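Visitor: A single structure is presented below for examination.
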Amino acid sequence: MVRSSVAINRALPGKIAAALVAAIVLGTLVAVALRAEAGRGLGPAEWSAIRFTVFQAVLSAAFSVLLAIPVARALARRRFYGRRLLISLLGAPFILPVIVAVMGLLAVFGRSGILNETLRALGLPEVSIYGLHGVVLAHVFFNLPLATRLILQGWQDIPSERFRLAAQLGFAPRDIFRTLEAPMLTRTLPGAAAIIFAICLSSFAVALTLGGGPRATTVELAIYQAFRFDFDLGRAALLSCVQIALVGAAALVALKLSNRDGLGAGLDRPVQRWDAQSPLLRALDATTITFAALFLILPIALVTLRGAPAITALPTSVWSAALASLVIALASTLLMLALALPIAIAAGTDRARLEAIGLLGIAASPLVIGTGLFIVINPIANPFALALPVTATVNAIMALPFALRIMVPAVRDTHANYDRLSTSLNLTGLSWLRLVLIPRLRPNLGFACGLTAAMSMGDLGVIALFADPQTATLPLQMYRLMGAYRMELASGAAVLLLALSFGIFWIFDKGGRAHADA
């Protein structure tokens with residue numbers, strides 16, 4: 001009876017937090033749906049945006065997954081100095097500000113990039129990064145590392161004993177692929193492709209900077225245009241409903257395809273690949289890893305080299321925008337913690353429904369929630385005056401699903417291992433939180449806070465809807481500099497944004513791990 005009452009007390013704050021999240025997300029979606037004009041229908045421009053959105057997402061997912069297969073295979077069967085660091089760097093694009101990555105891709109593939117400069121020197125025709133191919137290229141840059149990590153995990157899940165048995169039976173590389181690797185890829189690729197497809201459906205900053213015209217407009221970009229340029233809330237609401245349907249359906253498919261059975265258990269011995277020792281395969285794997293590393297590292301290296309000298313010349317507006325971004329990032333992190341921690345504690349007692357409510361942010365994009373908040377706020381206050389608080393709130397809601405996935409497993413382990421001891425010592429409430437949970441959750445809390453802060457620092461979504469000329473975050477100010485063709489200052493702002501994003505992530509993550517075992 002005591003344990004039951006303790007569990008109820010622990011779950012109550014989580015229920016309140018989950019109800020607040022549901023009110024924000026579902027309330028804004030209802031506001032959008034009610035504002036959409038039922039009899040209006042979709043015009044040719046809207047259908048064109050839908051077709052382009054789905055088409056570019058299909059291409060982006062396909063190229064990301066297909067290119068990730070040889071990279072993951074090479075990493076799975078090679079051991080070399082710096083391998084762990086390279087695999088860790090594959091997670092960097094997830095917290096990399098989109099606008100910085102776009103600047104890096106322009107430094108390589110843009111009109112003044114090294115590729116076109118080389119083509120001009122050789123007398124060959126130039127290439128343009130704007131349009132469909134530019135959007136797909138940027139999405140591959142962001143999602144190739146994610147696809148590689150997902151597929152690499154599939155390779156690592158194959159028990160080493162199977163490769164040992166295959167070597168004893170004299171299997172050639174094609175036999176190993178047919179009997180071991182192909183079945184793994186059949187199970188892994190659909191889920192990875194569905195996840196990336198869902199991510200690419202809700203891309204905004206990439207289409208905004210590299211879209212290149214009406215024929216390369218995504219649904220989210222069309223929402224932005226209807227909102228900012230035409231102030232047509234009915235059209236924006238209708239497009240938001242379409243976006244919800246697209247992303248929600250893709251997320252459900254991704255979730256279904258990701259929950260597949262494993263490949264069997266082993267003895268956790270190190271994997272040895274006797275089938276991949278030929279000089280030709282070694283050279284092929286080395287070349288694959290080198291090109292993948294260059295594709296991911298070169299754009300960011302060029303941005304850093306070009307922008308570092310311009311940092312001292314940045315105008316006051318950029319530094320003010322950087323301060324605003326820091327404030328928003330910290331506010332988003334605090335709000336995320338206030339929501340995620342009680343939900344995680346409640347979900348840790350097998351209340352899966354509360355965790356599902358926390359994952360609602362996946363179903364709606366930031367622009368859709370931003371549009372709904374504008375519709376709700378507009379009759380009672382000036383939404384543009386609330387640009388920064390609204391941006392912080394939406395960023396926290398968007399980061400909540402990732403934070404819960406990081407925190408909930410650790411909370412469940414703590415419940416399973418320490419609940420009886422806590423009950424016998426009468427540790428409840430704040431005492432249990434301070435002495436039992438927080439010390440074991442510190443690494444997870446640090447990682448979740450760092451991820452939230454970095455994602456918020458680099459966000460170019462809701463602020464683009466709400467900001468007036470005097471209000472800007474660093475990504476928005478950088479986009480304005482790019483639009484004014486002040487590329488040198490934009491590169492300096494990119495270096496500053498990159499340093500702040502990775503710096504704030506490192507501080508939180510390092511702080512969470514410091515003395516975590518003490």
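Every chain in the structure tokens takes a letter, A first, then B, and so on in the order presented; its residues are numbered from 1, and the ligands are numbered from 1 following the presented order.
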Near Asn444 in chain A, within 7 Å and counting only C-alpha atoms, which residues show up once chain neighbours fewer than 4 positions away are dropped, as JSON, numbers by chain?

Guide: {"A": [406, 407, 448]}

Visitor: Keeping C-alpha atoms, export the residues of the selection given above as a PDB file, in the first residue's frame.

Guide:
ATOM      1  CA  ILE A 406      17.545   9.249 -23.363  1.00  0.00           C
ATOM      2  CA  MET A 407      16.108   9.401 -19.844  1.00  0.00           C
ATOM      3  CA  ALA A 448      19.647  15.480 -22.972  1.00  0.00           C
TER       4      ALA A 448
END

Visitor: Which of these residues is nearest to Trp506 in chain A, using only C-alpha atoms: A:Leu201, A:Ala324, A:Ile95, A:Ala250?

Guide: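 The closest residue to Trp506 in chain A is A:Ile95.
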
Visitor: Show which residues sit within 9 Å of range 394-401 of chain A, as a ChimeraX atom specification. Count only C-alpha atoms, and ignore same-chain residues fewer than 2 positions away.

Guide: /A:21,24-25,328-329,331-337,339-340,355-356,358-362,364-366,369-370,389-392,403-406,448,451-453,455-456,459,462

Visitor: Skipping near chain neighbours, those fewer than 4 positions away, what residues fall within 9 Å of Leu302 in chain A using only C-alpha atoms, listed as a PDB file with C-alpha atoms, in the first residue's frame?

Guide:
ATOM      1  CA  GLY A 104      29.514  24.653 -45.810  1.00  0.00           C
ATOM      2  CA  ALA A 107      31.588  26.639 -49.906  1.00  0.00           C
ATOM      3  CA  VAL A 108      32.054  23.339 -51.754  1.00  0.00           C
ATOM      4  CA  ILE A 297      34.193  17.144 -42.782  1.00  0.00           C
ATOM      5  CA  LEU A 298      35.250  19.284 -45.766  1.00  0.00           C
ATOM      6  CA  ARG A 306      36.806  31.198 -44.236  1.00  0.00           C
ATOM      7  CA  GLY A 307      34.798  32.522 -41.327  1.00  0.00           C
TER       8      GLY A 307
END

Visitor: When you draw a straight line from CA of Leu388 in chain A to CA of Ala472 in chain A, how long is it in Å?

Guide: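 CA of Leu388 in chain A sits 8.7 Å away from CA of Ala472 in chain A.
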
Visitor: Of the candidates A:Leu421, A:Val135, A:Leu12, A:Ala45, which shows the shortest atom-to-atom distance to Ala226 in chain A, using only C-alpha atoms?

Guide: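 Counting only C-alpha atoms, the residue closest to Ala226 in chain A is A:Ala45.
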
Visitor: Of the candidates A:Gly82, A:Val411, A:Arg486, A:Thr118, which one gets nearest to Ala347 in chain A if we count only C-alpha atoms?

Guide: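 So, comparing all the options, the nearest one is A:Val411.
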